[in-house]
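> Structure: entry14.cif, mmCIF, C-alpha atoms.
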data_work
#
loop_
_atom_site.label_atom_id
_atom_site.label_comp_id
_atom_site.auth_asym_id
_atom_site.auth_seq_id
_atom_site.Cartn_x
_atom_site.Cartn_y
_atom_site.Cartn_z
CA MET A 1129 -11.42 -9.33 -5.12
CA ARG A 1130 -14.67 -10.79 -3.84
CA ALA A 1131 -14.58 -10.95 -0.07
CA ASP A 1132 -15.80 -14.55 0.09
CA GLN A 1133 -12.92 -15.72 -2.11
CA VAL A 1134 -9.95 -13.87 -0.65
CA ARG A 1135 -7.88 -14.16 2.48
CA VAL A 1136 -6.13 -11.13 3.98
CA TRP A 1137 -3.52 -11.34 6.74
CA ARG A 1138 -0.34 -9.97 8.27
CA ALA A 1139 2.47 -12.43 8.88
CA ALA A 1140 3.98 -10.52 11.80
CA GLU A 1141 2.73 -8.11 14.39
CA ALA A 1142 3.23 -4.44 13.48
CA SER A 1143 4.08 -5.41 9.89
CA ALA A 1144 3.69 -2.69 7.26
CA VAL A 1145 2.79 -5.36 4.70
CA LEU A 1146 -0.61 -6.86 3.92
CA LEU A 1147 -0.76 -10.25 2.23
CA MET A 1148 -3.69 -11.36 0.08
CA ALA A 1149 -4.54 -14.55 -1.78
CA GLY A 1150 -7.67 -15.52 -3.63
CA GLN A 1151 -9.67 -15.71 -6.83
CA THR A 1152 -11.52 -12.92 -8.62
CA THR A 1153 -12.80 -11.62 -11.94
CA HIS A 1154 -12.01 -7.95 -11.28
CA TYR A 1155 -10.24 -5.60 -8.91
CA ALA A 1156 -9.52 -1.87 -8.56
CA ILE A 1157 -6.92 -0.25 -6.30
CA GLU A 1158 -6.17 3.41 -5.74
CA PRO A 1159 -2.80 3.31 -3.97
CA ARG A 1160 -2.13 6.18 -1.59
CA GLY A 1161 1.61 5.95 -1.22
CA GLU A 1162 1.50 2.14 -1.37
CA TYR A 1163 3.16 -0.45 -3.59
CA VAL A 1164 1.37 -3.60 -4.81
CA PHE A 1165 3.25 -6.71 -5.96
CA GLY A 1166 1.70 -9.97 -7.07
CA ILE A 1167 1.53 -13.01 -9.29
CA VAL A 1168 -1.38 -14.15 -11.44
CA ALA A 1169 -2.14 -17.86 -11.70
CA GLY A 1170 -4.62 -20.10 -13.48
CA LYS A 1171 -6.08 -17.68 -16.03
CA PRO A 1172 -4.80 -14.39 -17.48
CA MET A 1173 -6.14 -10.94 -16.63
CA ARG A 1174 -6.30 -7.61 -18.42
CA SER A 1175 -4.74 -4.76 -16.45
CA ARG A 1176 -5.39 -1.04 -16.77
CA ARG A 1177 -3.38 1.88 -15.38
CA GLY A 1178 -4.17 5.27 -16.86
CA ARG A 1179 -3.95 4.77 -20.63
CA GLU A 1180 -1.81 1.66 -20.27
CA ARG A 1181 -3.40 -1.69 -21.12
CA ARG A 1182 -1.67 -5.05 -20.60
CA LEU A 1183 -2.46 -8.73 -20.73
CA ILE A 1184 -0.96 -10.39 -17.64
CA GLY A 1185 -0.42 -14.10 -18.13
CA PRO A 1186 -0.30 -16.89 -15.53
CA GLY A 1187 2.96 -16.93 -13.62
CA GLN A 1188 3.76 -13.30 -14.46
CA LEU A 1189 4.94 -10.97 -11.72
CA VAL A 1190 3.49 -7.45 -11.49
CA ALA A 1191 4.87 -4.45 -9.61
CA TRP A 1192 2.59 -1.44 -9.22
CA ASP A 1193 4.12 1.72 -7.74
CA PRO A 1194 1.95 4.47 -6.16
CA SER A 1195 2.06 6.70 -9.23
CA ASN A 1196 -1.45 5.86 -10.43
CA SER A 1197 -4.52 3.78 -9.70
CA HIS A 1198 -4.79 0.43 -11.44
CA ALA A 1199 -7.44 -2.19 -12.12
CA GLY A 1200 -7.82 -5.66 -13.58
CA ALA A 1201 -10.54 -7.60 -15.36
CA ALA A 1202 -10.97 -11.23 -16.34
CA VAL A 1203 -10.48 -12.44 -19.91
CA ASP A 1204 -13.75 -13.92 -21.22
CA GLY A 1205 -15.15 -13.82 -17.72
CA GLN A 1206 -12.74 -16.49 -16.47
CA PRO A 1207 -11.58 -15.78 -12.88
CA TRP A 1208 -7.90 -15.74 -12.11
CA THR A 1209 -6.08 -16.61 -8.89
CA SER A 1210 -3.48 -14.29 -7.44
CA ARG A 1211 -1.13 -13.75 -4.52
CA LEU A 1212 -0.44 -10.14 -3.55
CA ILE A 1213 1.49 -8.10 -1.06
CA ILE A 1214 0.55 -4.48 -0.34
CA VAL A 1215 3.45 -2.48 1.09
CA GLU A 1216 1.86 0.24 3.21
CA ALA A 1217 5.08 2.26 3.50
CA ALA A 1218 5.88 4.66 0.67
CA ASP A 1219 9.61 4.52 1.47
CA LEU A 1220 10.19 1.17 -0.19
CA ALA A 1221 13.96 1.40 0.15
CA THR A 1222 13.64 1.46 3.93
CA LEU A 1223 11.88 -1.90 3.94
CA ALA A 1224 14.53 -3.17 1.56
CA GLY A 1225 17.14 -2.30 4.17
CA ASP A 1226 18.61 0.86 2.65
CA VAL A 1227 17.62 3.81 4.83
CA GLU A 1228 20.02 6.28 3.19
CA SER A 1229 18.68 5.45 -0.26
CA ALA A 1230 15.12 5.97 0.94
CA LEU A 1231 15.95 9.55 1.94
CA LEU A 1232 17.48 10.43 -1.42
CA THR A 1233 15.58 8.54 -4.11
CA ASP A 1234 12.17 7.89 -5.62
CA ILE A 1235 11.51 4.27 -6.65
CA THR A 1236 9.13 3.52 -9.51
CA PHE A 1237 8.31 0.64 -11.83
CA PRO A 1238 7.69 2.12 -15.31
CA GLU A 1239 7.09 -1.38 -16.70
CA PRO A 1240 4.91 -3.09 -14.07
CA SER A 1241 4.69 -6.42 -15.90
CA LEU A 1242 7.96 -8.20 -15.12
CA SER A 1243 9.37 -11.20 -16.98
CA ASP A 1244 11.82 -12.47 -14.40
CA GLY A 1245 11.42 -16.12 -13.50
CA ASP A 1246 13.78 -15.96 -10.53
CA LEU A 1247 11.97 -12.99 -8.97
CA ALA A 1248 8.61 -14.66 -9.53
CA ARG A 1249 9.79 -17.92 -7.98
CA ASP A 1250 11.27 -16.15 -4.98
CA PHE A 1251 8.09 -14.10 -4.54
CA LEU A 1252 6.00 -17.28 -4.35
CA GLN A 1253 8.43 -18.85 -1.86
CA MET A 1254 8.28 -15.73 0.31
CA HIS A 1255 4.50 -15.46 0.10
CA ARG A 1256 3.95 -19.12 0.99
CA ALA A 1257 6.40 -18.90 3.87
CA LEU A 1258 4.43 -15.94 5.26
CA GLU A 1259 1.06 -17.69 5.03
CA VAL A 1260 1.35 -18.52 8.70
CA PRO A 1261 2.34 -16.21 11.57
CA THR A 1262 6.08 -15.96 11.92
CA THR A 1263 8.69 -14.10 13.93
CA ARG A 1264 9.32 -10.48 13.10
CA LEU A 1265 12.94 -11.33 12.26
CA GLU A 1266 12.03 -13.96 9.66
CA HIS A 1267 9.34 -11.70 8.22
CA ASP A 1268 11.67 -8.71 7.88
CA GLN A 1269 14.52 -10.76 6.44
CA ARG A 1270 12.45 -12.48 3.75
CA LEU A 1271 10.77 -9.24 2.75
CA ALA A 1272 13.98 -7.17 2.70
CA GLU A 1273 15.88 -9.72 0.60
CA TRP A 1274 13.12 -9.96 -2.00
CA LEU A 1275 12.50 -6.22 -2.20
CA ARG A 1276 16.21 -5.50 -2.59
CA ALA A 1277 16.47 -7.99 -5.46
CA LEU A 1278 13.36 -6.50 -7.07
CA ILE A 1279 14.69 -2.94 -6.84
CA GLU A 1280 18.11 -3.88 -8.19
CA ARG A 1281 16.68 -5.75 -11.19
CA SER A 1282 13.50 -3.93 -12.15
CA ALA A 1283 13.04 -0.51 -10.56
CA ALA A 1284 13.77 2.95 -11.88
CA VAL A 1285 15.57 4.71 -9.03
CA ARG A 1286 15.54 8.46 -9.47
CA PRO A 1287 17.19 11.10 -7.26
CA LEU A 1288 14.82 13.49 -5.57
CA ARG A 1289 14.67 16.84 -7.33
CA SER A 1290 16.23 18.63 -4.37
CA PRO A 1291 18.31 16.97 -1.63
CA PRO A 1292 16.52 17.27 1.70
CA SER A 1293 17.95 19.80 4.10
CA PRO A 1294 17.99 19.19 7.86
CA ARG A 1295 15.31 21.88 8.20
CA ASP A 1296 13.09 20.17 5.61
CA ASP A 1297 13.58 16.78 7.25
CA ARG A 1298 12.62 18.19 10.63
CA ALA A 1299 9.59 20.02 9.22
CA LEU A 1300 8.29 16.91 7.47
CA ARG A 1301 8.82 14.77 10.54
CA LEU A 1302 6.93 17.26 12.67
CA ALA A 1303 4.11 17.37 10.12
CA TYR A 1304 3.98 13.55 9.86
CA ASP A 1305 3.81 13.18 13.62
CA TYR A 1306 1.23 15.94 13.99
CA LEU A 1307 -1.12 14.27 11.50
CA ARG A 1308 -0.47 10.78 12.85
CA ASP A 1309 -1.26 11.80 16.41
CA ARG A 1310 -4.45 13.61 15.36
CA LEU A 1311 -6.03 11.33 12.78
CA GLU A 1312 -9.47 11.83 14.30
CA GLN A 1313 -9.16 15.65 14.19
CA ASN A 1314 -9.97 18.05 11.36
CA VAL A 1315 -6.49 19.58 10.99
CA GLY A 1316 -6.18 22.63 8.72
CA LEU A 1317 -3.24 23.55 6.48
CA ASP A 1318 -2.34 26.67 8.45
CA GLU A 1319 -2.36 24.66 11.68
CA LEU A 1320 -0.15 21.98 10.12
CA ALA A 1321 2.31 24.53 8.76
CA VAL A 1322 2.64 26.16 12.19
CA ALA A 1323 3.31 22.74 13.75
CA ALA A 1324 5.97 22.03 11.09
CA GLY A 1325 7.59 25.44 11.45
CA ILE A 1326 7.61 26.34 7.73
CA GLY A 1327 5.33 28.07 5.22
CA LYS A 1328 2.28 26.18 4.02
CA PHE A 1329 3.18 26.26 0.33
CA ARG A 1330 6.67 24.97 1.02
CA LEU A 1331 5.12 22.25 3.17
CA ILE A 1332 2.82 21.18 0.32
CA ARG A 1333 5.79 21.01 -2.06
CA LEU A 1334 7.83 18.93 0.40
CA PHE A 1335 4.96 16.50 0.88
CA ARG A 1336 4.60 16.02 -2.86
CA GLU A 1337 8.34 15.60 -3.41
CA ARG A 1338 8.91 13.17 -0.55
CA THR A 1339 5.66 11.17 -0.45
CA GLY A 1340 4.09 11.75 -3.85
CA LEU A 1341 0.98 12.97 -2.03
CA PRO A 1342 -0.35 16.34 -0.93
CA PRO A 1343 -0.94 16.66 2.83
CA HIS A 1344 -4.67 15.87 2.70
CA ALA A 1345 -4.11 12.64 0.71
CA PHE A 1346 -1.31 11.67 3.09
CA GLN A 1347 -3.73 12.18 5.99
CA VAL A 1348 -6.37 9.99 4.32
CA ALA A 1349 -3.77 7.28 3.65
CA HIS A 1350 -2.85 7.13 7.32
CA ARG A 1351 -6.49 7.14 8.34
CA ILE A 1352 -7.11 4.17 6.06
CA ARG A 1353 -4.11 2.29 7.50
CA LYS A 1354 -5.33 2.88 11.05
CA ALA A 1355 -8.82 1.82 9.99
CA ARG A 1356 -7.40 -1.44 8.65
CA ARG A 1357 -5.73 -2.16 11.99
CA LEU A 1358 -8.92 -1.46 13.94
CA LEU A 1359 -11.01 -3.61 11.59
CA GLU A 1360 -8.43 -6.40 11.91
CA ALA A 1361 -8.95 -6.20 15.68
CA GLY A 1362 -12.70 -6.66 15.21
CA GLU A 1363 -13.85 -3.08 15.92
CA THR A 1364 -17.23 -2.04 14.52
CA ILE A 1365 -17.29 0.06 11.37
CA ALA A 1366 -19.03 2.94 13.19
CA ASP A 1367 -16.35 3.00 15.89
CA VAL A 1368 -13.59 2.81 13.29
CA ALA A 1369 -15.02 5.74 11.32
CA ALA A 1370 -15.17 7.85 14.49
CA ALA A 1371 -11.67 6.87 15.63
CA THR A 1372 -10.06 7.71 12.30
CA GLY A 1373 -11.62 11.08 11.58
CA PHE A 1374 -14.07 10.15 8.83
CA ALA A 1375 -17.33 12.07 8.88
CA ASP A 1376 -19.42 8.89 9.01
CA GLN A 1377 -19.47 5.26 7.88
CA SER A 1378 -20.23 6.15 4.26
CA HIS A 1379 -17.23 8.51 4.17
CA LEU A 1380 -14.99 5.70 5.47
CA HIS A 1381 -16.61 3.23 3.06
CA ARG A 1382 -15.89 5.41 0.04
CA HIS A 1383 -12.21 5.97 0.77
CA PHE A 1384 -11.57 2.47 2.10
CA GLN A 1385 -12.97 0.70 -0.95
CA ARG A 1386 -10.87 2.85 -3.28
CA SER A 1387 -7.69 1.86 -1.45
CA LEU A 1388 -8.00 -1.91 -1.65
CA GLY A 1389 -11.10 -2.84 -3.62
CA LEU A 1390 -12.87 -4.11 -0.49
CA THR A 1391 -15.47 -2.39 1.67
CA PRO A 1392 -14.72 -2.05 5.40
CA GLY A 1393 -17.20 -4.84 6.13
CA GLU A 1394 -15.68 -7.15 3.52
CA TYR A 1395 -12.19 -6.44 4.81
CA ARG A 1396 -13.23 -7.14 8.41
CA ARG A 1397 -14.81 -10.46 7.45
CA SER A 1398 -11.88 -11.46 5.20
CA PHE A 1399 -9.37 -10.76 7.94
CA ASN A 1400 -11.51 -12.32 10.67
CA PRO A 1401 -13.41 -15.32 9.30
CA GLN A 1402 -15.14 -15.74 12.67
CA ALA A 1403 -16.79 -12.36 12.09
CA ARG A 1404 -18.72 -13.71 9.08
CA ALA A 1405 -21.49 -14.84 11.41
#
So that I can check it, write out the structure of this file as structure tokens.

Amino acid sequence: MRADQVRVWRAAEASAVLLMAGQTTHYAIEPRGEYVFGIVAGKPMRSRRGRERRLIGPGQLVAWDPSNSHAGAAVDGQPWTSRLIIVEAADLATLAGDVESALLTDITFPEPSLSDGDLARDFLQMHRALEVPTTRLEHDQRLAEWLRALIERSAAVRPLRSPPSPRDDRALRLAYDYLRDRLEQNVGLDELAVAAGIGKFRLIRLFRERTGLPPHAFQVAHRIRKARRLLEAGETIADVAAATGFADQSHLHRHFQRSLGLTPGEYRRSFNPQARA
């Protein structure tokens, strides 16, 4: 989306969900363990994900899982309006209020274009209610109720290939925490495996099975999420790049734009209109 025509915000402090609303003629998102849900209004758009091509009509709900990058383009150059939520947590079932399910299943949306009037209506009600800052309780309740309904009606819920063992759970948690606490550091695979207490090839396999990402992509995803928070707080792009482990501003720019279709500067201005000056 063009930065001057889109608003980006979080409805509650510490929320793992970004909300967006605006008008555009094109977009491109490379989700790193993130889900994107939205509704198109006004004009249709043409979507692309891998070899899949779809025409998304006004009022239609879309649900993109993290399995592949996706993009959209206007029909005959006519801009469309949309409302989106970007769920930054890969464990969608946790946000939907089902922690046990999150540990045992993989949630996907094989058919991302959904024809469900009730889900679309409830999405719009939720999105409009979260246009203004709200309490964390209201935010969590509205989001959990809608996500649970979406999963029950439209998702493909698959068991993980191998049930997680206590040792695997502990190793992954140690690896997650190690990367999270050292986002600005250049952590190597051997170092990460030692911190997790398991072999490096087993660690790679566990990352792919549980997050859909190899360790380096998981690290970049968390760097991007921290960068978003710092930009939302008004930090300079140079300071953000240094604080999140990117080699320089251009390195941050490249990865950041892939994740959301906005450059760091555009995101900062969209989230903080007063920064436009």
> Find the residues around stretch 1175-1191 of chain A up to 10 Å (all atoms listed in the file counted), leave out those fewer than 6 positions away in its own chain, and share them as a PyMOL selection string.
chain A and resi 1154-1157+1163-1169+1197-1203+1208-1213+1236-1245+1247-1249+1251-1252+1278+1282-1283
> Would you compute the distance between atom CA of A:Gly1150 and atom CA of A:His1383? Give it in Å to one decimal.
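A separation of 22.4 Å between them.
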> Report, in Å with one decimal, the straight-line distance from atom CA of A:Leu1317 to atom CA of A:Leu1358.
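Between atom CA of A:Leu1317 and atom CA of A:Leu1358 the gap works out to 26.7 Å.
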> Translate the PyMOL selection byres ((chain A and resi 1269) around 12), as applied to the file shown, into an explicit residue set as a PyMOL selection string.
chain A and resi 1140+1223-1225+1254+1257-1258+1262-1268+1270-1276
> Find the spatial neighbours of A:Gln1347, counting all atoms listed in the file, within a cut-off of 8 Å - ignore same-chain residues fewer than 3 positions away - and output them as a list of chain:residue names.
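So the residues in contact are A:Leu1307, A:Arg1308, A:Leu1311, A:Pro1343, A:His1344, A:His1350, A:Arg1351.
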> Find the distance between atom CA of A:Ala1139 and atom CA of A:Glu1259 and write it in Å to one decimal.
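Interatomic distance, atom CA of A:Ala1139 to atom CA of A:Glu1259: 6.7 Å.
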> Within 10 Å of A:Glu1312, counting all atoms listed in the file, which residues qualify if same-chain residues fewer than 2 places away don't, as a count of residues only?
15
> Go through A:His1255, A:Val1260, A:Gln1377, A:Asp1246 one by one, measure the shortest atom-to-atom distance of each to A:Arg1281 using only C-alpha atoms, and give the residue with the smallest value.
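Of A:His1255, A:Val1260, A:Gln1377, A:Asp1246, the one nearest A:Arg1281 is A:Asp1246, counting only C-alpha atoms.
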> For the structure shown, which residues end up in the PyMOL selection byres ((chain A and resi 1158-1160) around 8)? Put them as a list in words, please?
Ala1156, Ile1157, Gly1161, Glu1162, Tyr1163, Pro1194, Ser1195, Asn1196, Ser1197, His1198, Leu1341, Ala1345, Phe1346, Ala1349, Arg1386, Ser1387 and Leu1388 of chain A
